[in-house]
file entry-v3.cif (mmCIF, C-alpha atoms)
data_my_file
#
loop_
_atom_site.group_PDB
_atom_site.id
_atom_site.type_symbol
_atom_site.label_atom_id
_atom_site.label_comp_id
_atom_site.auth_asym_id
_atom_site.auth_seq_id
_atom_site.Cartn_x
_atom_site.Cartn_y
_atom_site.Cartn_z
ATOM 1 C CA MET A 441 113.229 76.735 91.850
ATOM 2 C CA ASN A 442 112.872 79.778 89.622
ATOM 3 C CA SER A 443 111.721 83.018 91.189
ATOM 4 C CA PRO A 444 108.577 84.118 89.300
ATOM 5 C CA HIS A 445 108.947 87.862 89.796
ATOM 6 C CA LEU A 446 109.612 90.348 87.063
ATOM 7 C CA THR A 447 111.684 93.513 86.826
ATOM 8 C CA ARG A 448 113.041 94.758 90.173
ATOM 9 C CA ARG A 449 114.797 97.776 88.706
ATOM 10 C CA LEU A 450 115.408 101.051 90.502
ATOM 11 C CA LEU A 451 112.512 103.434 90.977
ATOM 12 C CA VAL A 452 114.950 106.369 90.912
ATOM 13 C CA PRO A 453 117.873 106.895 88.516
ATOM 14 C CA ALA A 454 121.044 105.055 89.463
ATOM 15 C CA LEU A 455 123.556 107.381 91.056
ATOM 16 C CA SER A 456 127.265 107.553 90.422
ATOM 17 C CA VAL A 457 129.574 105.007 91.987
ATOM 18 C CA LEU A 458 131.080 105.872 95.340
ATOM 19 C CA ALA A 459 134.491 104.217 95.326
ATOM 20 C CA LEU A 460 135.277 102.328 98.498
ATOM 21 C CA VAL A 461 138.659 100.928 99.401
ATOM 22 C CA ALA A 462 138.960 98.516 102.325
ATOM 23 C CA THR A 463 142.178 98.062 104.223
ATOM 24 C CA THR A 464 143.064 95.673 106.985
ATOM 25 C CA SER A 465 145.165 96.333 110.039
ATOM 26 C CA GLY A 466 148.286 94.373 110.912
ATOM 27 C CA LEU A 467 147.916 91.131 112.814
ATOM 28 C CA ALA A 468 148.411 91.253 116.547
ATOM 29 C CA SER A 469 151.544 89.676 117.921
ATOM 30 C CA GLY A 470 151.088 85.949 118.253
ATOM 31 C CA ALA A 471 148.005 85.835 115.991
ATOM 32 C CA PRO A 472 147.981 83.264 113.183
ATOM 33 C CA ARG A 473 149.517 84.546 109.995
ATOM 34 C CA GLN A 474 147.486 84.611 106.804
ATOM 35 C CA PRO A 475 148.961 82.648 103.886
ATOM 36 C CA GLU A 476 150.748 84.790 101.342
ATOM 37 C CA GLY A 477 148.273 86.474 98.979
ATOM 38 C CA VAL A 478 145.368 86.086 101.424
ATOM 39 C CA SER A 479 143.919 89.026 103.361
ATOM 40 C CA ALA A 480 141.873 88.890 106.529
ATOM 41 C CA ALA A 481 138.237 89.855 105.990
ATOM 42 C CA ALA A 482 137.563 93.550 106.640
ATOM 43 C CA THR A 483 134.196 95.149 107.355
ATOM 44 C CA THR A 484 133.316 97.544 104.547
ATOM 45 C CA PHE A 485 129.694 98.320 105.413
ATOM 46 C CA SER A 486 127.808 97.949 108.648
ATOM 47 C CA ASP A 487 124.540 99.358 109.930
ATOM 48 C CA GLU A 488 123.396 98.228 113.381
ATOM 49 C CA PHE A 489 120.472 100.690 113.294
ATOM 50 C CA ASP A 490 121.256 102.258 116.647
ATOM 51 C CA GLY A 491 119.449 105.519 117.329
ATOM 52 C CA ALA A 492 116.417 107.104 118.894
ATOM 53 C CA ALA A 493 113.000 105.628 118.260
ATOM 54 C CA GLY A 494 111.358 107.214 115.237
ATOM 55 C CA SER A 495 114.627 108.358 113.678
ATOM 56 C CA ALA A 496 115.115 108.038 109.945
ATOM 57 C CA VAL A 497 117.839 105.780 108.568
ATOM 58 C CA ASP A 498 121.404 107.062 108.222
ATOM 59 C CA GLY A 499 121.401 109.163 105.057
ATOM 60 C CA SER A 500 125.142 108.682 104.607
ATOM 61 C CA LYS A 501 124.490 104.955 104.071
ATOM 62 C CA TRP A 502 121.024 104.739 102.523
ATOM 63 C CA GLN A 503 118.824 106.620 100.122
ATOM 64 C CA ILE A 504 115.068 106.127 100.180
ATOM 65 C CA GLU A 505 113.260 105.465 96.923
ATOM 66 C CA THR A 506 109.752 106.788 96.301
ATOM 67 C CA GLY A 507 106.968 105.825 93.947
ATOM 68 C CA ASP A 508 105.107 102.726 92.825
ATOM 69 C CA ASN A 509 106.214 99.708 90.764
ATOM 70 C CA VAL A 510 104.074 98.848 87.752
ATOM 71 C CA ASP A 511 106.553 96.234 86.489
ATOM 72 C CA ASN A 512 105.607 93.750 89.217
ATOM 73 C CA HIS A 513 102.070 95.094 89.679
ATOM 74 C CA GLU A 514 102.878 95.781 93.315
ATOM 75 C CA ARG A 515 100.189 97.660 95.243
ATOM 76 C CA GLN A 516 102.237 99.892 97.559
ATOM 77 C CA TYR A 517 103.582 103.423 97.219
ATOM 78 C CA TYR A 518 107.095 103.818 98.638
ATOM 79 C CA THR A 519 107.285 106.958 100.781
ATOM 80 C CA SER A 520 110.185 109.189 101.828
ATOM 81 C CA GLY A 521 111.610 110.101 105.213
ATOM 82 C CA ASN A 522 110.668 108.078 108.283
ATOM 83 C CA ASN A 523 106.998 107.587 107.440
ATOM 84 C CA ASN A 524 107.461 103.912 106.627
ATOM 85 C CA ALA A 525 111.107 103.270 107.565
ATOM 86 C CA ALA A 526 112.325 104.235 111.036
ATOM 87 C CA LEU A 527 114.530 103.064 113.885
ATOM 88 C CA ASP A 528 112.739 101.563 116.875
ATOM 89 C CA GLY A 529 115.216 102.710 119.541
ATOM 90 C CA GLN A 530 116.174 99.098 120.285
ATOM 91 C CA GLY A 531 118.767 98.585 117.561
ATOM 92 C CA HIS A 532 116.409 97.769 114.707
ATOM 93 C CA LEU A 533 115.210 99.299 111.471
ATOM 94 C CA VAL A 534 111.482 98.746 111.012
ATOM 95 C CA ILE A 535 110.066 98.935 107.487
ATOM 96 C CA THR A 536 106.295 99.175 107.862
ATOM 97 C CA ALA A 537 103.644 98.480 105.251
ATOM 98 C CA ARG A 538 100.351 100.180 106.036
ATOM 99 C CA LYS A 539 96.913 99.951 104.511
ATOM 100 C CA GLU A 540 96.489 103.698 104.204
ATOM 101 C CA ASN A 541 97.106 106.613 101.878
ATOM 102 C CA PRO A 542 96.928 109.889 103.815
ATOM 103 C CA SER A 543 98.702 111.843 101.062
ATOM 104 C CA ASN A 544 96.512 110.631 98.170
ATOM 105 C CA TYR A 545 99.429 108.953 96.387
ATOM 106 C CA GLN A 546 98.634 107.716 92.878
ATOM 107 C CA CYS A 547 99.733 104.277 91.690
ATOM 108 C CA TRP A 548 99.652 102.491 88.340
ATOM 109 C CA TYR A 549 96.195 101.115 89.185
ATOM 110 C CA GLY A 550 94.717 104.377 90.529
ATOM 111 C CA THR A 551 94.724 105.737 94.079
ATOM 112 C CA CYS A 552 97.256 103.711 96.074
ATOM 113 C CA GLU A 553 95.882 101.422 98.758
ATOM 114 C CA TYR A 554 99.108 100.849 100.720
ATOM 115 C CA THR A 555 102.343 102.588 101.707
ATOM 116 C CA SER A 556 105.732 101.051 102.477
ATOM 117 C CA ALA A 557 109.473 101.758 102.093
ATOM 118 C CA ARG A 558 112.428 100.778 99.906
ATOM 119 C CA LEU A 559 116.056 101.698 100.684
ATOM 120 C CA ASN A 560 119.228 101.312 98.654
ATOM 121 C CA THR A 561 122.924 102.197 98.857
ATOM 122 C CA SER A 562 123.358 103.361 95.240
ATOM 123 C CA GLY A 563 125.848 106.214 95.102
ATOM 124 C CA LYS A 564 126.823 105.582 98.731
ATOM 125 C CA PHE A 565 128.187 102.020 98.883
ATOM 126 C CA THR A 566 129.040 99.356 96.339
ATOM 127 C CA GLN A 567 131.206 96.279 96.542
ATOM 128 C CA THR A 568 132.517 93.450 94.410
ATOM 129 C CA TYR A 569 132.786 90.099 96.250
ATOM 130 C CA GLY A 570 132.759 89.298 99.939
ATOM 131 C CA HIS A 571 130.213 88.247 102.561
ATOM 132 C CA VAL A 572 126.877 90.105 102.568
ATOM 133 C CA GLU A 573 124.313 89.469 105.300
ATOM 134 C CA ALA A 574 121.236 90.837 107.011
ATOM 135 C CA ARG A 575 119.625 89.594 110.208
ATOM 136 C CA MET A 576 115.900 90.143 109.919
ATOM 137 C CA LYS A 577 112.477 89.140 111.131
ATOM 138 C CA ILE A 578 110.114 89.066 108.197
ATOM 139 C CA PRO A 579 106.374 89.771 108.263
ATOM 140 C CA ARG A 580 103.657 87.197 107.792
ATOM 141 C CA GLY A 581 100.518 87.329 105.695
ATOM 142 C CA GLN A 582 99.166 86.803 102.212
ATOM 143 C CA GLY A 583 100.491 89.403 99.771
ATOM 144 C CA MET A 584 103.567 90.413 101.776
ATOM 145 C CA TRP A 585 106.870 90.398 99.862
ATOM 146 C CA PRO A 586 109.996 91.348 101.876
ATOM 147 C CA ALA A 587 113.363 91.308 100.116
ATOM 148 C CA PHE A 588 117.078 91.859 100.686
ATOM 149 C CA TRP A 589 118.852 92.034 97.344
ATOM 150 C CA MET A 590 121.472 93.691 95.121
ATOM 151 C CA LEU A 591 121.680 95.331 91.698
ATOM 152 C CA GLY A 592 124.674 95.903 89.442
ATOM 153 C CA ASP A 593 125.863 99.475 89.823
ATOM 154 C CA ASP A 594 125.902 99.900 86.035
ATOM 155 C CA ILE A 595 122.112 99.570 85.774
ATOM 156 C CA GLY A 596 121.851 103.176 84.631
ATOM 157 C CA GLN A 597 124.086 102.411 81.658
ATOM 158 C CA VAL A 598 123.153 98.841 80.649
ATOM 159 C CA GLY A 599 119.633 98.466 82.064
ATOM 160 C CA TRP A 600 118.000 95.466 83.680
ATOM 161 C CA PRO A 601 118.639 92.506 83.513
ATOM 162 C CA ASN A 602 122.038 93.169 81.893
ATOM 163 C CA SER A 603 123.062 94.858 85.153
ATOM 164 C CA GLY A 604 122.529 91.633 87.044
ATOM 165 C CA GLU A 605 120.435 91.123 90.160
ATOM 166 C CA ILE A 606 121.327 89.024 93.213
ATOM 167 C CA ASP A 607 118.346 88.235 95.427
ATOM 168 C CA ILE A 608 119.816 87.267 98.785
ATOM 169 C CA MET A 609 116.422 86.731 100.405
ATOM 170 C CA GLU A 610 112.843 86.981 99.187
ATOM 171 C CA ASN A 611 109.725 85.649 100.833
ATOM 172 C CA VAL A 612 106.154 85.574 99.598
ATOM 173 C CA GLY A 613 103.499 85.422 102.270
ATOM 174 C CA PHE A 614 101.833 82.244 101.068
ATOM 175 C CA GLU A 615 105.083 80.383 101.858
ATOM 176 C CA PRO A 616 105.650 81.242 105.544
ATOM 177 C CA ASP A 617 108.353 78.581 105.974
ATOM 178 C CA THR A 618 110.383 79.240 102.796
ATOM 179 C CA VAL A 619 112.711 81.928 101.446
ATOM 180 C CA HIS A 620 114.288 82.165 97.997
ATOM 181 C CA GLY A 621 117.687 83.159 96.604
ATOM 182 C CA THR A 622 117.833 83.986 92.893
ATOM 183 C CA LEU A 623 120.086 85.331 90.143
ATOM 184 C CA HIS A 624 118.759 87.423 87.267
ATOM 185 C CA GLY A 625 120.798 88.330 84.195
ATOM 186 C CA PRO A 626 120.591 88.428 80.399
ATOM 187 C CA GLY A 627 118.727 85.313 79.276
ATOM 188 C CA TYR A 628 117.699 84.260 82.801
ATOM 189 C CA SER A 629 115.490 86.945 84.303
ATOM 190 C CA GLY A 630 111.993 87.236 85.704
ATOM 191 C CA SER A 631 110.335 83.831 85.858
ATOM 192 C CA GLY A 632 113.482 82.400 84.252
ATOM 193 C CA GLY A 633 115.753 83.466 87.086
ATOM 194 C CA ILE A 634 118.194 80.900 88.460
ATOM 195 C CA GLY A 635 117.572 80.102 92.101
ATOM 196 C CA ALA A 636 116.484 77.828 94.910
ATOM 197 C CA GLY A 637 114.442 77.891 98.086
ATOM 198 C CA TYR A 638 115.296 77.149 101.711
ATOM 199 C CA THR A 639 112.574 75.746 103.968
ATOM 200 C CA LEU A 640 112.638 75.697 107.757
ATOM 201 C CA PRO A 641 112.099 72.293 109.399
ATOM 202 C CA ASN A 642 109.112 71.163 111.440
ATOM 203 C CA GLY A 643 106.648 73.693 110.066
ATOM 204 C CA GLN A 644 108.420 76.707 111.545
ATOM 205 C CA ALA A 645 107.641 80.130 110.056
ATOM 206 C CA PHE A 646 110.289 82.735 109.260
ATOM 207 C CA ALA A 647 108.057 85.398 110.831
ATOM 208 C CA ASP A 648 108.402 83.753 114.240
ATOM 209 C CA ASP A 649 112.002 84.846 114.867
ATOM 210 C CA PHE A 650 115.070 86.608 113.489
ATOM 211 C CA HIS A 651 117.162 84.790 110.888
ATOM 212 C CA THR A 652 120.412 85.666 109.123
ATOM 213 C CA PHE A 653 120.313 85.656 105.325
ATOM 214 C CA ALA A 654 123.659 85.796 103.533
ATOM 215 C CA ILE A 655 125.699 85.240 100.418
ATOM 216 C CA ASP A 656 129.385 84.487 100.060
ATOM 217 C CA TRP A 657 130.458 85.981 96.757
ATOM 218 C CA ALA A 658 133.688 85.391 94.864
ATOM 219 C CA PRO A 659 134.786 85.551 91.220
ATOM 220 C CA ASP A 660 132.453 83.268 89.227
ATOM 221 C CA SER A 661 130.825 81.975 92.428
ATOM 222 C CA ILE A 662 127.903 82.878 94.719
ATOM 223 C CA THR A 663 126.778 80.756 97.698
ATOM 224 C CA TRP A 664 123.567 81.356 99.704
ATOM 225 C CA SER A 665 122.939 80.492 103.333
ATOM 226 C CA VAL A 666 120.322 80.910 106.062
ATOM 227 C CA ASP A 667 121.612 80.980 109.646
ATOM 228 C CA GLY A 668 124.881 79.568 108.319
ATOM 229 C CA ASN A 669 123.187 76.668 106.520
ATOM 230 C CA VAL A 670 124.306 76.648 102.883
ATOM 231 C CA TYR A 671 121.501 75.776 100.459
ATOM 232 C CA GLN A 672 122.643 76.940 97.032
ATOM 233 C CA HIS A 673 125.851 77.483 95.053
ATOM 234 C CA ARG A 674 125.941 79.027 91.574
ATOM 235 C CA THR A 675 128.676 79.504 88.964
ATOM 236 C CA PRO A 676 128.748 80.449 85.264
ATOM 237 C CA ALA A 677 128.044 76.794 84.480
ATOM 238 C CA ASP A 678 124.456 77.422 85.654
ATOM 239 C CA THR A 679 123.635 80.184 83.155
ATOM 240 C CA ASN A 680 123.211 77.857 80.146
ATOM 241 C CA GLY A 681 125.760 79.726 78.064
ATOM 242 C CA ASN A 682 124.411 83.184 78.935
ATOM 243 C CA ALA A 683 126.665 85.882 80.358
ATOM 244 C CA TRP A 684 127.631 85.764 84.037
ATOM 245 C CA VAL A 685 127.252 89.433 85.052
ATOM 246 C CA PHE A 686 128.267 89.242 88.702
ATOM 247 C CA ASN A 687 131.981 90.067 88.660
ATOM 248 C CA LYS A 688 131.529 93.816 89.206
ATOM 249 C CA PRO A 689 130.258 96.302 91.812
ATOM 250 C CA PHE A 690 126.722 95.901 93.199
ATOM 251 C CA PHE A 691 124.721 97.967 95.690
ATOM 252 C CA LEU A 692 122.286 96.844 98.414
ATOM 253 C CA ILE A 693 118.492 97.111 98.580
ATOM 254 C CA LEU A 694 115.979 96.482 101.379
ATOM 255 C CA ASN A 695 112.252 96.701 100.784
ATOM 256 C CA LEU A 696 108.828 95.451 101.789
ATOM 257 C CA ALA A 697 106.444 95.179 98.844
ATOM 258 C CA VAL A 698 102.699 94.595 99.065
ATOM 259 C CA GLY A 699 101.091 92.432 96.409
ATOM 260 C CA GLY A 700 102.306 91.763 92.893
ATOM 261 C CA TYR A 701 102.402 89.002 90.320
ATOM 262 C CA TRP A 702 104.338 86.581 92.525
ATOM 263 C CA PRO A 703 102.865 86.972 96.040
ATOM 264 C CA GLY A 704 99.373 87.919 94.933
ATOM 265 C CA ASP A 705 97.379 90.620 96.678
ATOM 266 C CA PRO A 706 96.606 90.782 100.397
ATOM 267 C CA ASP A 707 93.329 89.249 101.506
ATOM 268 C CA GLY A 708 90.981 89.706 104.419
ATOM 269 C CA ASN A 709 93.294 87.731 106.707
ATOM 270 C CA THR A 710 96.362 89.915 106.078
ATOM 271 C CA ALA A 711 97.083 92.053 109.123
ATOM 272 C CA PHE A 712 98.248 95.675 108.814
ATOM 273 C CA PRO A 713 100.462 97.378 109.737
ATOM 274 C CA SER A 714 102.995 94.727 108.681
ATOM 275 C CA GLU A 715 106.670 95.001 109.647
ATOM 276 C CA LEU A 716 110.029 93.896 108.306
ATOM 277 C CA VAL A 717 112.388 94.248 111.284
ATOM 278 C CA VAL A 718 116.090 94.488 110.425
ATOM 279 C CA ASP A 719 118.630 93.912 113.198
ATOM 280 C CA HIS A 720 121.739 94.564 111.105
ATOM 281 C CA VAL A 721 123.205 94.690 107.619
ATOM 282 C CA ARG A 722 126.920 93.848 107.291
ATOM 283 C CA VAL A 723 129.323 93.458 104.396
ATOM 284 C CA THR A 724 132.892 92.198 104.642
ATOM 285 C CA THR A 725 135.596 91.613 102.110
ATOM 286 C CA SER A 726 136.529 88.118 101.061
ATOM 287 C CA ASP A 727 139.120 86.331 103.201
ATOM 288 C CA SER A 728 140.225 84.164 100.274
ATOM 289 C CA ALA A 729 143.084 84.636 97.865
ATOM 290 C CA PRO A 730 142.417 86.926 94.890
ATOM 291 C CA PRO A 731 141.955 85.290 91.486
ATOM 292 C CA ALA A 732 145.132 84.535 89.542
#
call {"tool": "encode", "arguments": {"input": "entry-v3.cif", "output": "structure tokens"}}
result
Amino acid sequence: MNSPHLTRRLLVPALSVLALVATTSGLASGAPRQPEGVSAAATTFSDEFDGAAGSAVDGSKWQIETGDNVDNHERQYYTSGNNNAALDGQGHLVITARKENPSNYQCWYGTCEYTSARLNTSGKFTQTYGHVEARMKIPRGQGMWPAFWMLGDDIGQVGWPNSGEIDIMENVGFEPDTVHGTLHGPGYSGSGGIGAGYTLPNGQAFADDFHTFAIDWAPDSITWSVDGNVYQHRTPADTNGNAWVFNKPFFLILNLAVGGYWPGDPDGNTAFPSELVVDHVRVTTSDSAPPA
């Protein structure tokens, strides 16, 4: 299934790359030995969102974007600080979309009707390959559009979609039981993105509980899973002769959008405030042999 959304580019200029080198410790005595040329997976990024209730996110790991997004015709204004993104004191980050505009923010369509938050790790953390996951409880309701995704760190130089975009998880409120994973690149972006959906069995809704959304990423290969259940695998053979732009550093993004071309706008049954609750975000290196 192709993801029908349009440009998801940065709202703020891409920052410079922060180089990150991961090392692994020696194996304990008696532990199984890794085959030659294979390294044990090492954690390179982790946020468990521990802290006092109401605290802002860790600024050494995340930057908060501000502004609106005309490209998708989203309705929210992304605010700074902890107004719409804060810890709950119980080990979670809560991104809250509200139907309010106390600061008279202006959006592409006039005075903004909603506020929310969008966080990224540009300039603070990037990685090429490995396991990337977030455990989250998504909101419910028409017009809600939570996402956990990645952009190529060279977006400031090559633009979108040449930078590449990896959507690890997106949900649109009119599909409460389904999430989507999608690739966007040159020749396969927007409604032409390459992706698939994963649907919970027995009419369950993703908003009812926490779920873990992940990719396993290697040279010329990306595999998506939900709660460990693999539902999609992509390689350069899927790009119909277009460039595969995913063998380079990417950074992470978390956001909760309101409205837009794909989800449609909220209606009278959409409850606010609406919350995307994030239990953790973790990134590890690959535990497979490097390419020859």
call {"tool": "closest_residue", "arguments": {"input": "entry-v3.cif", "among": "A:Asp617, A:Glu605, A:Asp498, A:Asp705", "to": "His513 (chain A)", "atoms": "all atoms listed in the file"}}
result
A:Asp705
call {"tool": "closest_residue", "arguments": {"input": "entry-v3.cif", "among": "A:Ser714, A:Ser629, A:Met590, A:Asn523", "to": "Thr568 (chain A)", "atoms": "only C-alpha atoms"}}
result
A:Met590
call {"tool": "resolve_selection", "arguments": {"input": "entry-v3.cif", "expression": "the PyMOL selection byres ((chain A and resi 684-689) around 8)", "output": "list in words"}}
result
Thr566, Gln567, Thr568, Tyr569, Gly592, Asp593, Asn602, Ser603, Gly604, Gly625, Ala658, Pro659, Asp660, Pro676, Thr679, Asn682, Ala683, Phe690 and Phe691 of chain A
call {"tool": "axis_aligned_box", "arguments": {"input": "entry-v3.cif", "around": "region 539-546 of chain A", "padding_each_side": "8 Å", "output": "JSON"}}
result
{"center_x": 98.0, "center_y": 105.9, "center_z": 98.7, "size_x": 18.9, "size_y": 27.9, "size_z": 27.6}
call {"tool": "resolve_selection", "arguments": {"input": "entry-v3.cif", "expression": "the PyMOL selection byres ((chain A and resi 710) around 8)", "output": "list in words"}}
result
Arg580, Gly581, Gln582, Gly583, Pro706, Asp707, Gly708, Asn709, Ala711 and Phe712 of chain A
call {"tool": "resolve_selection", "arguments": {"input": "entry-v3.cif", "expression": "the PyMOL selection byres ((chain A and resi 517) around 8)", "output": "list of chain:residue names"}}
result
A:Thr506, A:Gly507, A:Asp508, A:Asn509, A:Arg515, A:Gln516, A:Tyr518, A:Thr519, A:Tyr545, A:Gln546, A:Cys547, A:Cys552, A:Tyr554, A:Thr555, A:Ser556, A:Ala557
call {"tool": "write_last_selection", "arguments": {"input": "entry-v3.cif", "atoms": "C-alpha atoms", "output": "mmCIF file, keeping the file's coordinate frame"}}
result
data_model
loop_
_atom_site.group_PDB
_atom_site.id
_atom_site.type_symbol
_atom_site.label_atom_id
_atom_site.label_comp_id
_atom_site.auth_asym_id
_atom_site.auth_seq_id
_atom_site.Cartn_x
_atom_site.Cartn_y
_atom_site.Cartn_z
ATOM 1 C CA THR A 506 109.752 106.788 96.301
ATOM 2 C CA GLY A 507 106.968 105.825 93.947
ATOM 3 C CA ASP A 508 105.107 102.726 92.825
ATOM 4 C CA ASN A 509 106.214 99.708 90.764
ATOM 5 C CA ARG A 515 100.189 97.660 95.243
ATOM 6 C CA GLN A 516 102.237 99.892 97.559
ATOM 7 C CA TYR A 518 107.095 103.818 98.638
ATOM 8 C CA THR A 519 107.285 106.958 100.781
ATOM 9 C CA TYR A 545 99.429 108.953 96.387
ATOM 10 C CA GLN A 546 98.634 107.716 92.878
ATOM 11 C CA CYS A 547 99.733 104.277 91.690
ATOM 12 C CA CYS A 552 97.256 103.711 96.074
ATOM 13 C CA TYR A 554 99.108 100.849 100.720
ATOM 14 C CA THR A 555 102.343 102.588 101.707
ATOM 15 C CA SER A 556 105.732 101.051 102.477
ATOM 16 C CA ALA A 557 109.473 101.758 102.093
#
call {"tool": "atom_distance", "arguments": {"input": "entry-v3.cif", "atom1": "CA of His532 (chain A)", "atom2": "CA of Asp719 (chain A)"}}
result
4.7 Å
call {"tool": "atom_distance", "arguments": {"input": "entry-v3.cif", "atom1": "CA of Val666 (chain A)", "atom2": "CA of Glu514 (chain A)"}}
result
26.2 Å
call {"tool": "atom_distance", "arguments": {"input": "entry-v3.cif", "atom1": "CA of Trp585 (chain A)", "atom2": "CA of Asn611 (chain A)"}}
result
5.6 Å
call {"tool": "closest_residue", "arguments": {"input": "entry-v3.cif", "among": "A:Asp656, A:Trp664, A:Val721, A:Asn524", "to": "Gly621 (chain A)", "atoms": "all atoms listed in the file"}}
result
A:Trp664
call {"tool": "residues_near_point", "arguments": {"input": "entry-v3.cif", "point": "(108.0, 104.5, 112.3)", "cutoff": "8 Å", "atoms": "only C-alpha atoms", "output": "MDAnalysis selection string"}}
result
chainID A and resid 493:495 522:528 534:536
call {"tool": "residues_around", "arguments": {"input": "entry-v3.cif", "residues": "Lys564 (chain A)", "least_positions_apart": "2", "cutoff": "7 Å", "atoms": "only C-alpha atoms", "output": "ChimeraX atom specification"}}
result
/A:458,500-502,561-562
call {"tool": "residues_around", "arguments": {"input": "entry-v3.cif", "residues": "Glu610 (chain A)", "least_positions_apart": "2", "cutoff": "12 Å", "atoms": "all atoms listed in the file", "output": "VMD selection string"}}
result
chain A and resid 442 to 445 448 576 578 to 579 584 to 590 606 to 608 612 to 613 615 to 623 635 to 638 646 653 to 654 666 693 to 697 702 to 703 716
call {"tool": "closest_residue", "arguments": {"input": "entry-v3.cif", "among": "A:Leu640, A:Asp649, A:Asp511, A:Ser665", "to": "Met609 (chain A)", "atoms": "all atoms listed in the file"}}
result
A:Ser665
call {"tool": "decode", "arguments": {"input": "entry-v3.cif", "residues": "region 497-510 of chain A", "atoms": "N, CA and C atoms", "output": "compact mmCIF listing (two decimals), in the first residue's frame"}}
result
# COMPACT_ATOMS: atom_id res chain seq x y z
N VAL A 497 11.78 17.49 27.21
CA VAL A 497 12.64 16.39 26.76
C VAL A 497 14.10 16.77 26.92
N ASP A 498 14.97 15.77 26.90
CA ASP A 498 16.41 15.96 27.03
C ASP A 498 16.95 16.69 25.81
N GLY A 499 17.39 17.92 26.02
CA GLY A 499 17.88 18.75 24.93
C GLY A 499 19.19 18.28 24.34
N SER A 500 19.89 17.36 25.01
CA SER A 500 21.11 16.81 24.43
C SER A 500 20.79 15.73 23.41
N LYS A 501 19.53 15.25 23.41
CA LYS A 501 19.12 14.20 22.48
C LYS A 501 18.16 14.70 21.41
N TRP A 502 17.32 15.66 21.76
CA TRP A 502 16.25 16.10 20.87
C TRP A 502 16.27 17.61 20.70
N GLN A 503 15.89 18.06 19.52
CA GLN A 503 15.53 19.45 19.32
C GLN A 503 14.04 19.50 18.97
N ILE A 504 13.39 20.59 19.31
CA ILE A 504 11.97 20.72 19.08
C ILE A 504 11.75 21.70 17.93
N GLU A 505 11.04 21.23 16.91
CA GLU A 505 10.73 22.08 15.77
C GLU A 505 9.50 22.94 16.07
N THR A 506 9.42 24.08 15.43
CA THR A 506 8.26 24.96 15.61
C THR A 506 7.73 25.40 14.25
N GLY A 507 6.46 25.71 14.21
CA GLY A 507 5.85 26.21 12.99
C GLY A 507 4.74 25.31 12.49
N ASP A 508 4.22 25.65 11.30
CA ASP A 508 3.15 24.86 10.71
C ASP A 508 3.73 24.06 9.53
N ASN A 509 2.87 23.36 8.80
CA ASN A 509 3.32 22.55 7.67
C ASN A 509 2.31 22.65 6.54
N VAL A 510 2.56 23.60 5.64
CA VAL A 510 1.66 23.80 4.50
C VAL A 510 1.72 22.65 3.51
